[in-house]
Amino acid sequence: MKICRTYHKEEYGLNEVEIQKLPKVELHCHLDGSVGLELLKTLAVEQGREDLALEEIAIVGENVSLTDYLKSFDLILPLLQISSALTRAIVDVARQASLDSVKYLEIRFAPRLHLHGELTLTEVIEAVVKGALEAEEKYDLKVNLLICGMKHHTVAQNEEVLETVIALNHDSIVGFDMAGDESNFPVAIFKKWLDKIQALDYPLTLHAGECGCAHNVIEAMSAGASRIGHGVAIINDPEVLATVKEQAVLLEMCPISNIQTGAVNGWNNYPIRQFLDEGVKCCINTDNRTVSNTNLTKEYLELYSRFNLSRNDFLTLNLNGIESAFMPDKLKEIYTLDFKETYLEKNSMNQ
Ligand SMILES: [Zn+2]
């Protein structure tokens, strides 16, 4: 791999530091799975939970079942049941993203997963919003929030989350997602909930196509998703791939997580090059920075060294992200101009 990276350095002038400095957008980042280990350890001491085996959070190896992957969250969530911990958690995730030169970040969280202490839904959401605003003051990036409904929760429970978001009416909350077990809970169960969200003009991104089933992506699109979390399974279904491409739905790809969970069987089968060549709209994300033991620079480096991705490819991926981000058009124009200028300026300097 070292030889490969040297080759690229000469060819495109990209090295790790340059990749780290490239401005980036990240649209698929879970709050709980991305809280840094150091902060988790501090919270464990403060909350008298030194019993939690925090060293076991980071996933090692490939093809871990999604169920095992999700077990890491059982070690994290007990520490995120008080307001101050939630606020510090999101500031910490934004800090990590700023180290990757992320300029626009959407962080998602499922409010109901933080109701195991004494917090109400309102308090959970307020704590996270507070952290998002603090992070924007502290770091050079915009932080927006996505609310996750959970597939293993009832329609009524998810409904309650939506009602709370409506009542709070925070500008930082810009969209909704459905996360959780994709195999056993078809998105159709939540149609009424999803319809209501869209009637309120909130855009949707839905997890789908992570467990090998391309059809779930079509189902998610039919339910109104303009973006798909992961979606990598479409590589095995030309018909679905054509539909995704035609409707310009964005796939929020999370390479390292996808390899770990076996959503894609090994790096040789990772479809990033095919998606780029065929014009499938996609962007690169971390999913869970701590659980997947990753960051966005690391994700880019993997793709750079394994698939010959160039500076222009990374620009395309980021412009895709900006175009499908849940932010106003005016802001998209500003980010587009800024990113083009930075990426292309450096290109011409290297010629
Ligand atoms: Zn996810």
# chains A, B, ... in the order shown; residues from 1 in each chain; ligands from 1
>>> residues_around(residues="Tyr300 of chain A", least_positions_apart="3", cutoff="10 Å", atoms="only C-alpha atoms", output="VMD selection string")
chain A and resid 16 19 to 20 22 255 284 to 286 295 to 297 303 to 306 309 314
>>> residues_around(residues="segment 233-248 of chain A", least_positions_apart="4", cutoff="10 Å", atoms="only C-alpha atoms", output="PyMOL selection string")
chain A and resi 208-218+221+226-228+263-264+269-272+274-275+278-282+320+324
>>> residues_near_ligand(ligand="ligand 1", cutoff="8 Å", atoms="only C-alpha atoms and all ligand atoms", output="list in words")
His28, Cys29, His30, Ala179, His207, Gly229, His230, Asp287 and Asn288 of chain A
>>> select_by_dssp(residues="segment 124-348 of chain A", states="alpha helix (DSSP H)", output="compact mmCIF listing (two decimals) with N, CA, C and O atoms, in the first residue's frame")
# COMPACT_ATOMS: atom_id res chain seq x y z
N VAL A 124 -33.79 15.99 25.79
CA VAL A 124 -32.77 15.34 24.94
C VAL A 124 -32.48 16.23 23.72
O VAL A 124 -31.33 16.55 23.41
N ILE A 125 -33.55 16.62 23.05
CA ILE A 125 -33.37 17.40 21.81
C ILE A 125 -32.74 18.76 22.12
O ILE A 125 -31.82 19.21 21.42
N GLU A 126 -33.20 19.39 23.20
CA GLU A 126 -32.63 20.70 23.58
C GLU A 126 -31.12 20.58 23.86
O GLU A 126 -30.34 21.45 23.49
N ALA A 127 -30.72 19.50 24.53
CA ALA A 127 -29.30 19.31 24.87
C ALA A 127 -28.44 19.16 23.62
O ALA A 127 -27.34 19.70 23.53
N VAL A 128 -28.98 18.41 22.65
CA VAL A 128 -28.21 18.20 21.41
C VAL A 128 -28.16 19.49 20.58
O VAL A 128 -27.10 19.86 20.05
N VAL A 129 -29.28 20.19 20.49
CA VAL A 129 -29.29 21.45 19.75
C VAL A 129 -28.31 22.43 20.38
O VAL A 129 -27.54 23.11 19.69
N LYS A 130 -28.30 22.49 21.70
CA LYS A 130 -27.38 23.37 22.41
C LYS A 130 -25.93 23.04 22.02
O LYS A 130 -25.13 23.94 21.72
N GLY A 131 -25.62 21.78 21.98
CA GLY A 131 -24.27 21.35 21.61
C GLY A 131 -23.93 21.72 20.17
O GLY A 131 -22.80 22.14 19.88
N ALA A 132 -24.91 21.58 19.28
CA ALA A 132 -24.67 21.91 17.86
C ALA A 132 -24.34 23.39 17.73
O ALA A 132 -23.41 23.77 17.00
N LEU A 133 -25.07 24.23 18.45
CA LEU A 133 -24.83 25.68 18.38
C LEU A 133 -23.47 26.03 19.00
O LEU A 133 -22.72 26.85 18.46
N GLU A 134 -23.15 25.37 20.10
CA GLU A 134 -21.84 25.60 20.74
C GLU A 134 -20.70 25.20 19.79
O GLU A 134 -19.69 25.90 19.68
N ALA A 135 -20.90 24.07 19.12
CA ALA A 135 -19.86 23.57 18.20
C ALA A 135 -19.62 24.57 17.07
O ALA A 135 -18.48 24.79 16.65
N GLU A 136 -20.71 25.17 16.58
CA GLU A 136 -20.56 26.15 15.48
C GLU A 136 -19.78 27.38 15.94
O GLU A 136 -19.06 27.99 15.16
N GLU A 137 -19.95 27.73 17.21
CA GLU A 137 -19.19 28.87 17.76
C GLU A 137 -17.71 28.51 17.86
O GLU A 137 -16.85 29.34 17.63
N LYS A 138 -17.47 27.27 18.22
CA LYS A 138 -16.12 26.85 18.55
C LYS A 138 -15.28 26.45 17.34
O LYS A 138 -14.07 26.65 17.32
N VAL A 155 -44.95 2.92 15.89
CA VAL A 155 -45.33 4.12 15.15
C VAL A 155 -45.66 5.24 16.15
O VAL A 155 -45.26 6.39 15.98
N ALA A 156 -46.37 4.89 17.22
CA ALA A 156 -46.76 5.90 18.21
C ALA A 156 -45.54 6.52 18.88
O ALA A 156 -45.49 7.72 19.12
N GLN A 157 -44.53 5.70 19.16
CA GLN A 157 -43.31 6.23 19.79
C GLN A 157 -42.57 7.18 18.84
O GLN A 157 -42.09 8.24 19.23
N ASN A 158 -42.51 6.79 17.57
CA ASN A 158 -41.86 7.66 16.59
C ASN A 158 -42.68 8.94 16.37
O ASN A 158 -42.13 10.02 16.19
N GLU A 159 -43.98 8.77 16.44
CA GLU A 159 -44.90 9.91 16.30
C GLU A 159 -44.63 10.95 17.40
O GLU A 159 -44.60 12.15 17.15
N GLU A 160 -44.40 10.46 18.60
CA GLU A 160 -44.14 11.34 19.74
C GLU A 160 -42.86 12.17 19.52
O GLU A 160 -42.79 13.35 19.87
N VAL A 161 -41.87 11.53 18.92
CA VAL A 161 -40.62 12.24 18.61
C VAL A 161 -40.91 13.38 17.64
O VAL A 161 -40.47 14.52 17.83
N LEU A 162 -41.67 13.06 16.60
CA LEU A 162 -42.00 14.09 15.60
C LEU A 162 -42.76 15.25 16.23
O LEU A 162 -42.45 16.43 15.98
N GLU A 163 -43.73 14.92 17.08
CA GLU A 163 -44.52 15.98 17.74
C GLU A 163 -43.61 16.89 18.57
O GLU A 163 -43.80 18.10 18.59
N THR A 164 -42.63 16.29 19.22
CA THR A 164 -41.71 17.08 20.05
C THR A 164 -40.85 18.01 19.17
O THR A 164 -40.63 19.18 19.51
N VAL A 165 -40.38 17.46 18.06
CA VAL A 165 -39.57 18.29 17.14
C VAL A 165 -40.41 19.46 16.62
O VAL A 165 -39.93 20.60 16.57
N ILE A 166 -41.65 19.18 16.27
CA ILE A 166 -42.53 20.25 15.76
C ILE A 166 -42.71 21.33 16.82
O ILE A 166 -42.61 22.52 16.54
N ALA A 167 -42.95 20.89 18.05
CA ALA A 167 -43.19 21.85 19.13
C ALA A 167 -41.96 22.71 19.38
O ALA A 167 -42.07 23.91 19.65
N LEU A 168 -40.77 22.13 19.28
CA LEU A 168 -39.54 22.87 19.57
C LEU A 168 -39.14 23.79 18.42
O LEU A 168 -38.57 24.87 18.64
N LYS A 191 -45.22 4.26 7.04
CA LYS A 191 -45.62 5.14 5.93
C LYS A 191 -46.33 6.41 6.42
O LYS A 191 -46.00 7.53 6.00
N LYS A 192 -47.25 6.22 7.36
CA LYS A 192 -48.03 7.37 7.82
C LYS A 192 -47.13 8.41 8.48
O LYS A 192 -47.25 9.62 8.26
N TRP A 193 -46.18 7.90 9.27
CA TRP A 193 -45.23 8.78 9.97
C TRP A 193 -44.38 9.54 8.96
O TRP A 193 -44.17 10.75 9.06
N LEU A 194 -43.91 8.78 7.96
CA LEU A 194 -43.03 9.39 6.95
C LEU A 194 -43.80 10.40 6.09
O LEU A 194 -43.27 11.46 5.72
N ASP A 195 -45.05 10.08 5.81
CA ASP A 195 -45.89 11.03 5.04
C ASP A 195 -46.07 12.33 5.80
O ASP A 195 -46.02 13.42 5.24
N LYS A 196 -46.28 12.20 7.09
CA LYS A 196 -46.50 13.38 7.92
C LYS A 196 -45.24 14.27 7.95
O LYS A 196 -45.33 15.50 7.85
N ILE A 197 -44.10 13.63 8.06
CA ILE A 197 -42.83 14.37 8.06
C ILE A 197 -42.69 15.19 6.78
O ILE A 197 -42.33 16.37 6.80
N GLN A 198 -43.01 14.54 5.67
CA GLN A 198 -42.86 15.23 4.38
C GLN A 198 -43.90 16.33 4.20
O GLN A 198 -43.62 17.36 3.59
N ALA A 199 -45.08 16.09 4.75
CA ALA A 199 -46.12 17.12 4.67
C ALA A 199 -45.67 18.38 5.42
O ALA A 199 -46.11 19.49 5.12
N HIS A 215 -33.70 -4.05 -3.15
CA HIS A 215 -35.11 -3.68 -3.22
C HIS A 215 -35.50 -2.68 -2.13
O HIS A 215 -36.36 -1.82 -2.32
N ASN A 216 -34.84 -2.80 -0.97
CA ASN A 216 -35.14 -1.86 0.13
C ASN A 216 -34.85 -0.42 -0.25
O ASN A 216 -35.46 0.51 0.28
N VAL A 217 -33.91 -0.23 -1.17
CA VAL A 217 -33.59 1.12 -1.62
C VAL A 217 -34.77 1.70 -2.39
O VAL A 217 -35.15 2.86 -2.20
N ILE A 218 -35.36 0.89 -3.24
CA ILE A 218 -36.54 1.33 -4.00
C ILE A 218 -37.69 1.65 -3.04
O ILE A 218 -38.38 2.66 -3.18
N GLU A 219 -37.84 0.80 -2.04
CA GLU A 219 -38.89 1.02 -1.05
C GLU A 219 -38.69 2.35 -0.32
O GLU A 219 -39.64 3.12 -0.12
N ALA A 220 -37.43 2.61 0.04
CA ALA A 220 -37.10 3.86 0.73
C ALA A 220 -37.37 5.06 -0.17
O ALA A 220 -37.89 6.10 0.27
N MET A 221 -37.05 4.92 -1.45
CA MET A 221 -37.31 6.01 -2.39
C MET A 221 -38.82 6.24 -2.55
O MET A 221 -39.29 7.37 -2.60
N SER A 222 -39.55 5.14 -2.62
CA SER A 222 -41.02 5.27 -2.74
C SER A 222 -41.60 5.94 -1.51
O SER A 222 -42.63 6.62 -1.58
N PRO A 238 -28.90 -4.09 -11.49
CA PRO A 238 -28.81 -3.04 -12.52
C PRO A 238 -30.07 -2.19 -12.63
O PRO A 238 -30.00 -0.99 -12.89
N GLU A 239 -31.22 -2.83 -12.43
CA GLU A 239 -32.48 -2.10 -12.55
C GLU A 239 -32.61 -1.03 -11.45
O GLU A 239 -32.97 0.11 -11.71
N VAL A 240 -32.29 -1.45 -10.23
CA VAL A 240 -32.35 -0.51 -9.09
C VAL A 240 -31.30 0.58 -9.29
O VAL A 240 -31.57 1.77 -9.09
N LEU A 241 -30.12 0.19 -9.73
CA LEU A 241 -29.05 1.17 -9.95
C LEU A 241 -29.52 2.22 -10.97
O LEU A 241 -29.32 3.43 -10.76
N ALA A 242 -30.16 1.76 -12.03
CA ALA A 242 -30.64 2.70 -13.06
C ALA A 242 -31.67 3.66 -12.49
O ALA A 242 -31.67 4.86 -12.79
N THR A 243 -32.55 3.15 -11.62
CA THR A 243 -33.59 4.01 -11.03
C THR A 243 -32.97 5.04 -10.09
O THR A 243 -33.35 6.21 -10.11
N VAL A 244 -32.00 4.60 -9.28
CA VAL A 244 -31.32 5.51 -8.34
C VAL A 244 -30.64 6.62 -9.14
O VAL A 244 -30.71 7.81 -8.81
N LYS A 245 -29.98 6.23 -10.22
CA LYS A 245 -29.26 7.19 -11.06
C LYS A 245 -30.24 8.17 -11.72
O LYS A 245 -30.04 9.39 -11.68
N GLU A 246 -31.29 7.62 -12.26
CA GLU A 246 -32.29 8.44 -12.97
C GLU A 246 -32.93 9.47 -12.03
O GLU A 246 -33.13 10.62 -12.40
N PRO A 255 -17.68 3.81 3.68
CA PRO A 255 -16.86 2.66 3.25
C PRO A 255 -16.39 1.74 4.38
O PRO A 255 -16.63 0.53 4.31
N ILE A 256 -15.70 2.28 5.37
CA ILE A 256 -15.11 1.39 6.39
C ILE A 256 -16.21 0.64 7.16
O ILE A 256 -16.13 -0.56 7.38
N SER A 257 -17.27 1.36 7.51
CA SER A 257 -18.40 0.71 8.18
C SER A 257 -19.00 -0.38 7.28
O SER A 257 -19.31 -1.49 7.75
N ASN A 258 -19.14 -0.10 5.99
CA ASN A 258 -19.73 -1.08 5.06
C ASN A 258 -18.90 -2.35 4.95
O ASN A 258 -19.44 -3.45 4.80
N ILE A 259 -17.57 -2.19 5.04
CA ILE A 259 -16.70 -3.37 4.99
C ILE A 259 -16.80 -4.13 6.32
O ILE A 259 -16.88 -5.36 6.34
N GLN A 260 -16.83 -3.38 7.42
CA GLN A 260 -16.90 -4.03 8.73
C GLN A 260 -18.17 -4.85 8.90
O GLN A 260 -18.15 -5.95 9.44
N ILE A 272 -17.29 2.03 -5.27
CA ILE A 272 -17.12 3.47 -5.44
C ILE A 272 -16.70 3.85 -6.87
O ILE A 272 -17.24 4.79 -7.45
N ARG A 273 -15.77 3.11 -7.43
CA ARG A 273 -15.31 3.45 -8.78
C ARG A 273 -16.44 3.28 -9.80
O ARG A 273 -16.67 4.14 -10.64
N GLN A 274 -17.19 2.18 -9.67
CA GLN A 274 -18.32 1.97 -10.59
C GLN A 274 -19.35 3.09 -10.45
O GLN A 274 -19.85 3.61 -11.45
N PHE A 275 -19.66 3.46 -9.21
CA PHE A 275 -20.66 4.52 -9.00
C PHE A 275 -20.19 5.83 -9.63
O PHE A 275 -20.95 6.52 -10.30
N LEU A 276 -18.93 6.15 -9.43
CA LEU A 276 -18.40 7.40 -10.00
C LEU A 276 -18.43 7.34 -11.53
O LEU A 276 -18.86 8.28 -12.19
N ASP A 277 -17.97 6.23 -12.07
CA ASP A 277 -17.92 6.10 -13.54
C ASP A 277 -19.30 6.13 -14.16
O ASP A 277 -19.50 6.67 -15.25
N GLU A 278 -20.25 5.56 -13.47
CA GLU A 278 -21.61 5.49 -14.03
C GLU A 278 -22.46 6.70 -13.67
O GLU A 278 -23.63 6.79 -14.03
N LEU A 296 -12.96 10.95 8.67
CA LEU A 296 -13.22 11.14 7.24
C LEU A 296 -11.93 11.15 6.42
O LEU A 296 -11.92 10.70 5.27
N THR A 297 -10.84 11.61 7.02
CA THR A 297 -9.55 11.58 6.33
C THR A 297 -9.15 10.14 6.03
O THR A 297 -8.71 9.81 4.94
N LYS A 298 -9.36 9.29 7.03
CA LYS A 298 -9.04 7.87 6.87
C LYS A 298 -9.89 7.23 5.75
O LYS A 298 -9.38 6.45 4.94
N GLU A 299 -11.16 7.59 5.70
CA GLU A 299 -12.05 7.06 4.65
C GLU A 299 -11.54 7.48 3.27
O GLU A 299 -11.47 6.68 2.34
N TYR A 300 -11.19 8.77 3.14
CA TYR A 300 -10.68 9.27 1.85
C TYR A 300 -9.38 8.56 1.48
O TYR A 300 -9.16 8.21 0.31
N LEU A 301 -8.51 8.39 2.47
CA LEU A 301 -7.21 7.75 2.21
C LEU A 301 -7.40 6.32 1.71
O LEU A 301 -6.71 5.87 0.80
N GLU A 302 -8.34 5.60 2.32
CA GLU A 302 -8.62 4.22 1.87
C GLU A 302 -9.03 4.22 0.40
O GLU A 302 -8.56 3.42 -0.40
N LEU A 303 -9.93 5.14 0.05
CA LEU A 303 -10.45 5.18 -1.33
C LEU A 303 -9.36 5.65 -2.29
O LEU A 303 -9.26 5.18 -3.42
N TYR A 304 -8.54 6.55 -1.81
CA TYR A 304 -7.45 7.09 -2.62
C TYR A 304 -6.44 5.99 -2.96
O TYR A 304 -6.05 5.80 -4.11
N SER A 305 -6.05 5.25 -1.95
CA SER A 305 -5.00 4.25 -2.19
C SER A 305 -5.54 2.99 -2.86
O SER A 305 -4.82 2.32 -3.57
N ARG A 306 -6.80 2.69 -2.66
CA ARG A 306 -7.34 1.45 -3.21
C ARG A 306 -7.97 1.61 -4.60
O ARG A 306 -8.03 0.67 -5.37
N PHE A 307 -8.51 2.80 -4.87
CA PHE A 307 -9.31 2.94 -6.10
C PHE A 307 -8.86 4.09 -7.01
O PHE A 307 -9.61 4.54 -7.87
N ARG A 311 -8.20 14.02 -6.96
CA ARG A 311 -8.75 15.25 -6.36
C ARG A 311 -10.10 15.60 -7.01
O ARG A 311 -11.03 16.00 -6.33
N ASN A 312 -10.20 15.41 -8.31
CA ASN A 312 -11.46 15.70 -9.00
C ASN A 312 -12.59 14.76 -8.56
O ASN A 312 -13.74 15.17 -8.45
N ASP A 313 -12.22 13.51 -8.32
CA ASP A 313 -13.24 12.57 -7.81
C ASP A 313 -13.74 13.03 -6.43
O ASP A 313 -14.94 13.03 -6.17
N PHE A 314 -12.79 13.45 -5.60
CA PHE A 314 -13.20 13.91 -4.26
C PHE A 314 -14.05 15.18 -4.36
O PHE A 314 -14.99 15.37 -3.59
N LEU A 315 -13.72 16.02 -5.33
CA LEU A 315 -14.55 17.22 -5.53
C LEU A 315 -15.96 16.80 -5.93
O LEU A 315 -16.95 17.30 -5.37
N THR A 316 -16.06 15.88 -6.89
CA THR A 316 -17.38 15.40 -7.32
C THR A 316 -18.18 14.86 -6.14
O THR A 316 -19.36 15.19 -5.97
N LEU A 317 -17.54 14.04 -5.32
CA LEU A 317 -18.23 13.44 -4.17
C LEU A 317 -18.74 14.53 -3.22
O LEU A 317 -19.86 14.45 -2.69
N ASN A 318 -17.93 15.56 -3.03
CA ASN A 318 -18.34 16.64 -2.13
C ASN A 318 -19.43 17.51 -2.75
O ASN A 318 -20.36 17.94 -2.05
N LEU A 319 -19.32 17.75 -4.06
CA LEU A 319 -20.38 18.54 -4.71
C LEU A 319 -21.70 17.78 -4.69
O LEU A 319 -22.78 18.37 -4.53
N ASN A 320 -21.62 16.46 -4.84
CA ASN A 320 -22.83 15.63 -4.69
C ASN A 320 -23.44 15.83 -3.31
O ASN A 320 -24.66 15.99 -3.17
N GLY A 321 -22.57 15.80 -2.31
CA GLY A 321 -23.03 15.96 -0.93
C GLY A 321 -23.69 17.31 -0.72
O GLY A 321 -24.76 17.42 -0.11
N ILE A 322 -23.04 18.34 -1.25
CA ILE A 322 -23.59 19.70 -1.08
C ILE A 322 -24.96 19.79 -1.75
O ILE A 322 -25.92 20.30 -1.17
N GLU A 323 -25.03 19.26 -2.97
CA GLU A 323 -26.29 19.36 -3.73
C GLU A 323 -27.45 18.68 -3.00
O GLU A 323 -28.59 19.14 -3.04
N SER A 324 -27.16 17.57 -2.31
CA SER A 324 -28.24 16.83 -1.64
C SER A 324 -28.33 17.12 -0.14
O SER A 324 -29.13 16.50 0.56
N ASP A 329 -30.79 26.55 -0.60
CA ASP A 329 -30.08 26.64 -1.88
C ASP A 329 -28.99 27.71 -1.86
O ASP A 329 -27.93 27.53 -2.45
N LYS A 330 -29.29 28.79 -1.18
CA LYS A 330 -28.32 29.90 -1.14
C LYS A 330 -27.00 29.43 -0.52
O LYS A 330 -25.92 29.74 -1.03
N LEU A 331 -27.11 28.67 0.54
CA LEU A 331 -25.93 28.14 1.21
C LEU A 331 -25.20 27.13 0.32
O LEU A 331 -23.96 27.07 0.28
N LYS A 332 -25.99 26.35 -0.42
CA LYS A 332 -25.38 25.37 -1.33
C LYS A 332 -24.52 26.07 -2.37
O LYS A 332 -23.44 25.61 -2.71
N GLU A 333 -25.02 27.19 -2.87
CA GLU A 333 -24.26 27.94 -3.89
C GLU A 333 -22.92 28.39 -3.31
O GLU A 333 -21.89 28.30 -3.96
N ILE A 334 -22.96 28.88 -2.07
CA ILE A 334 -21.72 29.38 -1.44
C ILE A 334 -20.72 28.24 -1.26
O ILE A 334 -19.55 28.35 -1.62
N TYR A 335 -21.21 27.09 -0.72
CA TYR A 335 -20.31 25.95 -0.52
C TYR A 335 -19.76 25.46 -1.86
O TYR A 335 -18.58 25.13 -1.98
N THR A 336 -20.62 25.39 -2.87
CA THR A 336 -20.19 24.89 -4.18
C THR A 336 -19.04 25.75 -4.72
O THR A 336 -18.01 25.23 -5.15
N LEU A 337 -19.22 27.06 -4.67
CA LEU A 337 -18.18 27.97 -5.17
C LEU A 337 -16.88 27.80 -4.38
O LEU A 337 -15.81 27.69 -4.95
N ASP A 338 -17.02 27.78 -3.06
CA ASP A 338 -15.84 27.64 -2.19
C ASP A 338 -15.08 26.35 -2.46
O ASP A 338 -13.87 26.34 -2.58
N PHE A 339 -15.82 25.25 -2.54
CA PHE A 339 -15.18 23.95 -2.73
C PHE A 339 -14.49 23.90 -4.10
O PHE A 339 -13.36 23.45 -4.22
N LYS A 340 -15.20 24.38 -5.13
CA LYS A 340 -14.61 24.34 -6.49
C LYS A 340 -13.33 25.15 -6.51
O LYS A 340 -12.32 24.71 -7.06
N GLU A 341 -13.38 26.31 -5.89
CA GLU A 341 -12.22 27.18 -5.88
C GLU A 341 -11.03 26.48 -5.21
O GLU A 341 -9.94 26.44 -5.75
N THR A 342 -11.28 25.92 -4.03
CA THR A 342 -10.18 25.27 -3.30
C THR A 342 -9.63 24.06 -4.05
O THR A 342 -8.42 23.93 -4.21
N TYR A 343 -10.51 23.19 -4.51
CA TYR A 343 -10.04 21.97 -5.17
C TYR A 343 -9.36 22.28 -6.50
O TYR A 343 -8.33 21.73 -6.83
N LEU A 344 -9.95 23.18 -7.29
CA LEU A 344 -9.43 23.43 -8.63
C LEU A 344 -8.18 24.31 -8.59
O LEU A 344 -7.27 24.13 -9.38
N GLU A 345 -8.15 25.20 -7.64
CA GLU A 345 -6.97 26.05 -7.47
C GLU A 345 -5.74 25.20 -7.21
O GLU A 345 -4.70 25.37 -7.82
N LYS A 346 -5.89 24.23 -6.31
CA LYS A 346 -4.76 23.37 -5.99
C LYS A 346 -4.40 22.50 -7.18
O LYS A 346 -3.25 22.19 -7.42
N ASN A 347 -5.40 22.12 -7.95
CA ASN A 347 -5.15 21.32 -9.15
C ASN A 347 -4.22 22.06 -10.09
O ASN A 347 -3.23 21.54 -10.56
N SER A 348 -4.56 23.35 -10.36
CA SER A 348 -3.78 24.10 -11.33
C SER A 348 -2.36 24.36 -10.79
O SER A 348 -1.40 24.40 -11.53
>>> closest_residue(among="A:Leu105, A:Ile147, A:Leu43, A:Ala97", to="Gln81 of chain A", atoms="only C-alpha atoms")
A:Leu43
>>> closest_atom_pairs(of="segment 137-201 of chain A", to="segment 62-76 of chain A", cutoff="12 Å", atoms="only C-alpha atoms", output="CSV")
residue,atom,partner,partner_atom,distance
A:Ala179,CA,A:Leu70,CA,11.5
A:Gly180,CA,A:Leu70,CA,9.2
A:Asp181,CA,A:Leu66,CA,8.7
A:Glu182,CA,A:Leu66,CA,10.0
A:Ser183,CA,A:Leu66,CA,10.5
>>> residues_around(residues="Leu40 of chain A", least_positions_apart="4", cutoff="8 Å", atoms="only C-alpha atoms", output="PyMOL selection string")
chain A and resi 35-36+44+54+76+79
>>> select_by_dssp(residues="segment 54-286 of chain A", states="strand (DSSP E)", output="count of residues only")
40
>>> decode(residues="segment 79-120 of chain A", atoms="C-alpha atoms", output="compact mmCIF listing (two decimals), in the first residue's frame")
# COMPACT_ATOMS: atom_id res chain seq x y z
CA LEU A 79 -23.26 7.39 29.26
CA LEU A 80 -25.52 9.59 27.14
CA GLN A 81 -28.55 9.83 29.41
CA ILE A 82 -27.96 13.28 30.89
CA SER A 83 -28.15 16.69 29.21
CA SER A 84 -24.57 17.82 29.80
CA ALA A 85 -23.19 14.55 28.39
CA LEU A 86 -25.27 14.94 25.21
CA THR A 87 -24.17 18.54 24.75
CA ARG A 88 -20.50 17.66 25.23
CA ALA A 89 -20.89 14.63 22.96
CA ILE A 90 -22.01 16.62 19.96
CA VAL A 91 -19.35 19.29 20.48
CA ASP A 92 -16.81 16.46 20.55
CA VAL A 93 -18.09 14.94 17.28
CA ALA A 94 -17.94 18.38 15.61
CA ARG A 95 -14.37 18.79 16.93
CA GLN A 96 -13.35 15.54 15.29
CA ALA A 97 -15.01 16.54 12.03
CA SER A 98 -13.23 19.89 12.07
CA LEU A 99 -9.91 17.99 12.21
CA ASP A 100 -10.97 16.38 8.91
CA SER A 101 -11.66 19.86 7.47
CA VAL A 102 -15.40 19.16 7.36
CA LYS A 103 -17.13 22.47 6.61
CA TYR A 104 -20.71 21.21 6.67
CA LEU A 105 -21.80 18.38 8.95
CA GLU A 106 -25.14 16.67 9.48
CA ILE A 107 -25.21 14.68 12.70
CA ARG A 108 -28.08 12.31 13.31
CA PHE A 109 -29.43 10.94 16.56
CA ALA A 110 -32.41 8.99 17.81
CA PRO A 111 -33.87 10.97 20.75
CA ARG A 112 -35.65 7.94 22.21
CA LEU A 113 -32.33 6.18 22.86
CA HIS A 114 -31.58 8.78 25.51
CA LEU A 115 -34.67 8.30 27.66
CA HIS A 116 -33.19 5.70 30.01
CA GLY A 117 -32.27 8.22 32.68
CA GLU A 118 -34.55 11.03 33.70
CA LEU A 119 -34.56 13.07 30.51
CA THR A 120 -37.69 13.86 28.56
